[in-house]
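What follows is a short report on a single structure.
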Amino acid sequence: MSIEEKTQALLETREKQSGSKAYQRLAALFDDGAFTEIDAFAKSTDGYAEVAAAHGTIDGLGVYAFAQNSDIDGGAMSKAQAAKICKLYELALKTGEPVVGIYDSIGGRLSQGNDLLDAYGRVLKTANNLSGVVPQIAVVLGKCFGTQALIAAVSDIVIMSDQAELSVNTGGADASAAQNAKKGVAHILAKDEAEALRTAKDLVALLPSNNLSSACVAYDSIEAEAAAADNMSAADAARAVCDAGSAIELQTDFGEGARTFVATVNGTTVGLTVLESKSLEGKACAKAARFIRFCDAFSMPVITFLNAESFACIKAAAKLTSAYAEATTAKITVITGDAFGAVYIAAAGSGAAADMTFAWTKASVSALTPEAAAVIMLGDDLGGKLKGSKDPKTDKAAVIAQYKEENLTAMKAAEDGYVDDIITASETRDRLIASLDMLSSKRVSTLPKKHNNLYI
């Protein structure tokens, strides 16, 4: 075959490959649709490998991405596919750049037998080794069952389109995007493939490239989303302090009582955790704990907006307490309402090792709930106040409310050193910006150990 014929064959092969779903998805992901392919002509059982792997830029930042090619034998996992993905992971490790995985596969090449087990194992091991070194984003656009679902689920953030299916059950049970969102597996649901890829691009632009880099973003003009107000919920207040249009919420359908956002505040990428519930239940604590660990892995400051009275689950509360205590990134807490006992200690006090704790003027801080504090501190006086009452229940609630208003105040907490400053709602963003600037060079030395054993 002449050089001209070889060149023509190469061009025809490239043109054929560029028309596949995998290549089109990579083109939609990368800036200007341009990317450098990795192992472009690697062969599998009866054709080219069932995945396209590449390097390119998103918003000017270097990124590695692979897309399972369902146009080739349904994108089935094989030794060749595993080798391409592992090579991409290893390059990401060497260069410190994020990985985006696009999943769309009918399963694995069962004809490869035990070699397929080894292929899955190598990909899963490499992905886990990469965890906490560079951000990993999984974009599930088609089927993703069995072991492949495990590989996608170990990513930091999982995005699913409306037609995607994700399940460790090879039969596809409980696999829909909505079901995975309710279970907390899917962090973001997208209405279609295009929105899923756009969201992945937005996240890459926000997140640090690796565990040693900064995620600061320079804007010519940065405006707040809104002005925080005293009558706002903690979640609305959290959104208000963010730079306009920057907040991306994760796991909206999981863990009621906790909300988590990746956003920027005056150009600095932060993780916003909102704890707002009379009693924080287990899923809410687990959601917040995982998010805090994710932020800490990449040194993203954690800003917590707190308005909660108690924990409903000891084990989940221990997870959350552990996540706060072990995190060495900058930690700032804003108490917008109530912060009592274990909740205050876990998220705002010495247990959380919070660098700065602010309280709104209406905040209430106490080692006990108002009911318990009033009963203990008022003692016989409480009975005296209720003596002869025609409606003891209502009158007791009024006495407790009065005790809370007079004794469990933000000012009292500040006087005792449990709050750094009392601020108005409208001052919140400015105080956070100043605190982030102050803590930008924070360094903490930790004891030599592998990890704690409190999160599982």
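Following the order of the structure tokens, first chain is A, next is B, and so on, with residues numbered from 1 inside each chain and ligands from 1 in the order they appear.
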
Query raised in the report: Which residues, written as a list in words, have at least one atom at most 12 Å from Ala228 of chain A, with only C-alpha atoms counted and residues fewer than 3 positions away on the same chain left out?
Result: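 With the cut-off at 12 Å, the set is Ala224, Glu225, Asn231, Met232, Ser233, Ala234, Ala235, Asp236, Ala237, Ala238, Arg239, Ala240, Val241, Cys242, Thr336, Trp360, Ile423, Thr424, Ala425, Ser426, Glu427, Thr428, Arg429 and Asp430 of chain A.
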
Saved selection, atoms kept: N, CA and C atoms, as a compact mmCIF listing (two decimals), in the first residue's frame:
# COMPACT_ATOMS: atom_id res chain seq x y z
N ALA A 224 -23.09 39.97 43.85
CA ALA A 224 -23.74 38.96 44.66
C ALA A 224 -25.04 38.51 44.00
N GLU A 225 -25.43 37.29 44.32
CA GLU A 225 -26.70 36.77 43.80
C GLU A 225 -27.86 37.63 44.29
N ASN A 231 -35.16 37.74 57.28
CA ASN A 231 -36.28 36.82 57.15
C ASN A 231 -36.01 35.67 56.18
N MET A 232 -34.79 35.58 55.67
CA MET A 232 -34.44 34.50 54.75
C MET A 232 -34.21 33.19 55.49
N SER A 233 -34.48 32.08 54.80
CA SER A 233 -34.06 30.79 55.31
C SER A 233 -32.55 30.70 55.20
N ALA A 234 -31.95 29.74 55.90
CA ALA A 234 -30.49 29.57 55.80
C ALA A 234 -30.07 29.25 54.38
N ALA A 235 -30.87 28.45 53.68
CA ALA A 235 -30.53 28.09 52.30
C ALA A 235 -30.57 29.31 51.39
N ASP A 236 -31.58 30.15 51.53
CA ASP A 236 -31.66 31.36 50.71
C ASP A 236 -30.52 32.31 51.04
N ALA A 237 -30.14 32.38 52.31
CA ALA A 237 -29.03 33.23 52.71
C ALA A 237 -27.72 32.72 52.10
N ALA A 238 -27.57 31.41 52.05
CA ALA A 238 -26.37 30.83 51.46
C ALA A 238 -26.27 31.19 49.98
N ARG A 239 -27.38 31.07 49.28
CA ARG A 239 -27.39 31.43 47.86
C ARG A 239 -27.10 32.92 47.68
N ALA A 240 -27.62 33.74 48.60
CA ALA A 240 -27.49 35.18 48.45
C ALA A 240 -26.04 35.65 48.50
N VAL A 241 -25.20 34.98 49.27
CA VAL A 241 -23.82 35.44 49.39
C VAL A 241 -22.95 35.01 48.23
N CYS A 242 -23.46 34.11 47.38
CA CYS A 242 -22.67 33.62 46.24
C CYS A 242 -22.58 34.67 45.15
N THR A 336 -27.63 31.34 61.62
CA THR A 336 -28.72 32.23 61.20
C THR A 336 -29.94 32.13 62.10
N TRP A 360 -26.03 35.73 63.38
CA TRP A 360 -26.94 36.84 63.11
C TRP A 360 -27.53 37.32 64.43
N ILE A 423 -23.32 39.66 63.54
CA ILE A 423 -23.44 40.44 62.32
C ILE A 423 -24.90 40.52 61.90
N THR A 424 -25.20 41.52 61.10
CA THR A 424 -26.53 41.60 60.49
C THR A 424 -26.52 40.74 59.24
N ALA A 425 -27.69 40.39 58.79
CA ALA A 425 -27.78 39.56 57.59
C ALA A 425 -27.12 40.24 56.39
N SER A 426 -27.31 41.53 56.27
CA SER A 426 -26.78 42.26 55.12
C SER A 426 -25.25 42.33 55.12
N GLU A 427 -24.63 42.11 56.28
CA GLU A 427 -23.17 42.15 56.37
C GLU A 427 -22.51 40.82 56.04
N THR A 428 -23.32 39.77 55.87
CA THR A 428 -22.78 38.41 55.79
C THR A 428 -21.78 38.24 54.66
N ARG A 429 -22.12 38.65 53.46
CA ARG A 429 -21.20 38.45 52.32
C ARG A 429 -19.87 39.15 52.55
N ASP A 430 -19.89 40.40 53.00
CA ASP A 430 -18.64 41.13 53.21
C ASP A 430 -17.77 40.46 54.26

**Report entry** Near-Phe291 of chain A list (10 Å; only C-alpha atoms; drop same-chain fewer than 6 positions) as a PyMOL selection string
**Finding:** chain A and resi 156-157+250-251+259-262+271-273+285+297+302+320+323

Requested in this report: Would you list, as a PyMOL selection string, the residues of segment 219-423 of chain A that end up in helix (DSSP H, G or I) under DSSP run on this structure's backbone?
Outcome: chain A and resi 234-241+282-297+314-326+341-347+370-378+380-386+392-407+410-415

Show me a table, sorted first by chain and then by increasing residue number, of the residues of segment 35-73 of chain A having an atom at most 12 Å from segment 125-149 of chain A, each with its shortest atom pair and the distance in Å to one decimal, counting only C-alpha atoms and written as a Markdown table.
| residue | atom | partner | partner_atom | distance |
| --- | --- | --- | --- | --- |
| A:Gly62 | CA | A:Val134 | CA | 11.7 |
| A:Val63 | CA | A:Pro135 | CA | 10.0 |
| A:Tyr64 | CA | A:Gln136 | CA | 9.7 |
| A:Ala65 | CA | A:Ile137 | CA | 9.4 |
| A:Phe66 | CA | A:Ala138 | CA | 9.9 |
| A:Ala67 | CA | A:Val139 | CA | 9.1 |
| A:Gln68 | CA | A:Gly142 | CA | 9.6 |
| A:Asn69 | CA | A:Gly142 | CA | 10.5 |
| A:Ser70 | CA | A:Gly142 | CA | 8.7 |
| A:Asp71 | CA | A:Gly142 | CA | 11.9 |

Query - Nearby residues (only C-alpha atoms) at most 10 Å from Ala181 of chain A, same-chain spacing under 2 positions excluded, as a list in words - result: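 My reading of the contact set: Val158, Ile159, Met160, Ser176, Ala177, Ala178, Gln179, Lys183, Gly184, Val185, Ala186, His187, Ile188, Leu189, Leu250, Gln251, Thr252, Asp253 and Phe254 of chain A.
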
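Shell of Glu193 of chain A at 8 Å, with only C-alpha atoms counted and residues fewer than 2 places along the chain excluded, is Leu141, Ser161, Asp162, Ala190, Lys191, Glu195, Ala196 and Leu197 of chain A.
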
Could you turn the residues from that selection into a file that holds C-alpha atoms, as a short mmCIF file (atom, residue, chain, number, x, y, z; two decimals), in the first residue's frame?
data_model
loop_
_atom_site.label_atom_id
_atom_site.label_comp_id
_atom_site.auth_asym_id
_atom_site.auth_seq_id
_atom_site.Cartn_x
_atom_site.Cartn_y
_atom_site.Cartn_z
CA LEU A 141 -25.97 9.25 29.46
CA SER A 161 -29.47 12.65 32.01
CA ASP A 162 -33.19 11.89 31.97
CA ALA A 190 -30.15 16.92 33.73
CA LYS A 191 -33.13 17.13 31.42
CA GLU A 195 -27.55 19.86 29.70
CA ALA A 196 -25.61 17.06 31.41
CA LEU A 197 -22.47 17.88 29.43
#

Query raised in the report: Separation of atom CA of Leu408 of chain A and atom CA of Ala316 of chain A, in Å?
Result: 26.7 Å

Report task. Any chance you could list, as a count of residues only, the residues in segment 206-417 of chain A that come up strand (DSSP E or B) when DSSP is run on the backbone? Result -> 55

Query raised in the report: Any idea what's packed within 12 Å of segment 443-450 of chain A, counting only C-alpha atoms, ignoring anything in its chain fewer than 3 positions away? Could you give it as a list in words?
Result: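 Here the answer would be Asp296, Ser299, Ala325, Glu326, Ala327, Thr328, Thr329, Ala330, Ala353, Asp355, Leu439, Ser440 and Asn453 of chain A.
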
Got time to write the residues from that selection, C-alpha atoms, as a CSV table (one decimal), in the first residue's frame?
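That gives us out_30.csv:
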chain,number,residue,atom,x,y,z
A,296,ASP,CA,-11.5,19.2,52.2
A,299,SER,CA,-8.9,22.5,50.0
A,325,ALA,CA,-13.3,17.7,62.8
A,326,GLU,CA,-11.0,16.0,60.3
A,327,ALA,CA,-11.2,18.7,57.6
A,328,THR,CA,-8.2,21.0,57.6
A,329,THR,CA,-9.5,23.4,54.9
A,330,ALA,CA,-10.8,26.9,56.0
A,353,ALA,CA,-12.6,23.4,64.7
A,355,ASP,CA,-11.9,29.1,62.1
A,439,LEU,CA,-7.7,32.2,55.8
A,440,SER,CA,-6.4,31.9,52.3
A,453,ASN,CA,-12.4,5.1,61.3
